[in-house]
Amino acid sequence: MRTSRGLAGLLVAPAVLLAGCGPSGPTVEQWTESMCAAVLPFVRTAVDTPGETPDPAQRLRVLSDYLTRTTQAADGALGDLDRLGPAPVDDGDALSARLQSGLGEIRSAFSGARSRVDAIDPADPAAVQRDLPAALEPLARLGGTTGPLDEVTGNPAIASAFRASTTCTDLTRSAEQARATPPPGAPAADPNGPTGEGGSS
């Protein structure tokens, strides 16, 4: 199963909603645990990339299915993060906006790649070979971006809670799988994965 460090960056750097929080809200630990639980299914879906197949039409089908699943998983993560509410830290609104925006950009990359893949004629093997790399370029570009979670875990309180959370540890492990492998259908590249998650860059 393969993905780019960009995917990792995108996963281990997703964007959540922090606003201002009231006294009855969750603790930093509870909020951070819930944030990681919201993002983890997306990361696991993103790293579960399809294997290679010699048949061009089948290759397009499995890629389209993968990109559809991942886009839907990103939608689910964004919805869960939106319902999560404000983080109980200072500057929660700004952190939330950056996290939500970062994951939204990642979601757009998968959705854009899916649209391009679906536009390739599966009955034309030459077109598949010629056009597939460009169709998947939105995913390759993720390798040059900073992960959204890096923005959130830059906050000391969240970073500490992140390191102590079992769910966040699982999220980090899943993201690590994405570091050294290329996005589906693309040649190997030096990806940019999630650095500093939990405040340990």
# chains A, B, ... in the order shown; residues from 1 in each chain; ligands from 1
$ residues_around --residues "segment 104-112 of chain A" --least-positions-apart "3" --cutoff "6 Å" --atoms "only C-alpha atoms" --output "list in words"
Leu10, Leu67, Thr71, Ala74, Ser101, Ser115, Pro138 and Leu139 of chain A
$ write_last_selection --atoms "N, CA, C and O atoms" --output "CSV table (one decimal), in the first residue's frame"
chain,number,residue,atom,x,y,z
A,10,LEU,N,-0.5,15.5,4.7
A,10,LEU,CA,-1.9,15.9,4.8
A,10,LEU,C,-2.6,15.2,6.0
A,10,LEU,O,-3.5,15.8,6.6
A,67,LEU,N,-9.5,7.0,-4.9
A,67,LEU,CA,-9.7,8.4,-4.8
A,67,LEU,C,-11.1,8.8,-4.3
A,67,LEU,O,-11.2,9.8,-3.5
A,71,THR,N,-11.6,10.7,-0.7
A,71,THR,CA,-12.3,12.0,-0.7
A,71,THR,C,-13.5,11.9,0.3
A,71,THR,O,-13.7,12.9,1.1
A,74,ALA,N,-12.1,12.1,3.8
A,74,ALA,CA,-11.8,13.5,4.1
A,74,ALA,C,-13.0,14.3,4.5
A,74,ALA,O,-13.0,15.1,5.4
A,101,SER,N,-8.5,24.4,7.0
A,101,SER,CA,-8.1,24.8,5.7
A,101,SER,C,-7.1,23.8,5.1
A,101,SER,O,-7.2,23.4,3.9
A,115,SER,N,-11.2,13.4,-10.5
A,115,SER,CA,-11.9,14.0,-11.7
A,115,SER,C,-11.0,13.8,-12.9
A,115,SER,O,-11.5,13.5,-14.0
A,138,PRO,N,-2.0,16.4,-8.6
A,138,PRO,CA,-2.4,17.0,-7.4
A,138,PRO,C,-2.0,16.3,-6.1
A,138,PRO,O,-1.7,16.9,-5.1
A,139,LEU,N,-1.9,15.0,-6.2
A,139,LEU,CA,-1.4,14.2,-5.0
A,139,LEU,C,0.1,14.4,-4.8
A,139,LEU,O,0.6,14.5,-3.7
$ residues_around --residues "Ala157 of chain A" --least-positions-apart "5" --cutoff "10 Å" --atoms "only C-alpha atoms" --output "ChimeraX atom specification"
/A:28-29,32,88-90,152,162,198-199
$ closest_residue --among "A:Thr45, A:Ser165, A:Ser160, A:Ser34" --to "Ala73 of chain A" --atoms "only C-alpha atoms"
A:Thr45
$ atom_distance --atom1 "atom CA of Glu52 of chain A" --atom2 "atom CA of Val117 of chain A"
15.2 Å
$ residues_around --residues "Asp170 of chain A" --least-positions-apart "5" --cutoff "9 Å" --atoms "only C-alpha atoms" --output "compact mmCIF listing (two decimals) with N, CA, C and O atoms, in the first residue's frame"
# COMPACT_ATOMS: atom_id res chain seq x y z
N CYS A 36 -7.85 13.54 17.03
CA CYS A 36 -7.13 12.44 16.38
C CYS A 36 -8.08 11.35 15.93
O CYS A 36 -7.90 10.76 14.85
N LEU A 40 -8.04 10.04 12.09
CA LEU A 40 -7.42 8.73 11.88
C LEU A 40 -8.06 7.92 10.75
O LEU A 40 -7.32 7.34 9.93
N SER A 165 -1.75 10.62 23.99
CA SER A 165 -2.96 9.96 23.50
C SER A 165 -2.63 8.71 22.68
O SER A 165 -1.84 8.76 21.73
N ALA A 175 0.58 7.65 9.68
CA ALA A 175 1.21 8.65 8.83
C ALA A 175 2.62 8.25 8.44
O ALA A 175 3.09 8.54 7.35
$ closest_residue --among "A:Gly76, A:Gly51, A:Pro56, A:Pro41" --to "Asp131 of chain A" --atoms "only C-alpha atoms"
A:Pro56
$ closest_residue --among "A:Thr27, A:Ala37, A:Gln72, A:Arg59" --to "Thr166 of chain A" --atoms "only C-alpha atoms"
A:Ala37
$ atom_distance --atom1 "atom CA of Arg114 of chain A" --atom2 "atom CA of Pro54 of chain A"
19.6 Å
$ closest_residue --among "A:Thr153, A:Thr169, A:Ser64, A:Gln129" --to "Ser96 of chain A" --atoms "only C-alpha atoms"
A:Thr153
$ atom_distance --atom1 "atom CA of Thr53 of chain A" --atom2 "atom CA of Val128 of chain A"
12.5 Å
$ select_by_dssp --residues "segment 38-181 of chain A" --states "helix (DSSP H, G or I)" --output "ChimeraX atom specification"
/A:38-47,56-84,92-118,125-135,137-144,148-152,156-164,166-176
$ closest_residue --among "A:Ala77, A:Arg44, A:Leu60, A:Met35" --to "Pro125 of chain A" --atoms "only C-alpha atoms"
A:Leu60
$ closest_residue --among "A:Glu151, A:Asp55, A:Asp65, A:Asp48" --to "Ala94 of chain A" --atoms "only C-alpha atoms"
A:Glu151
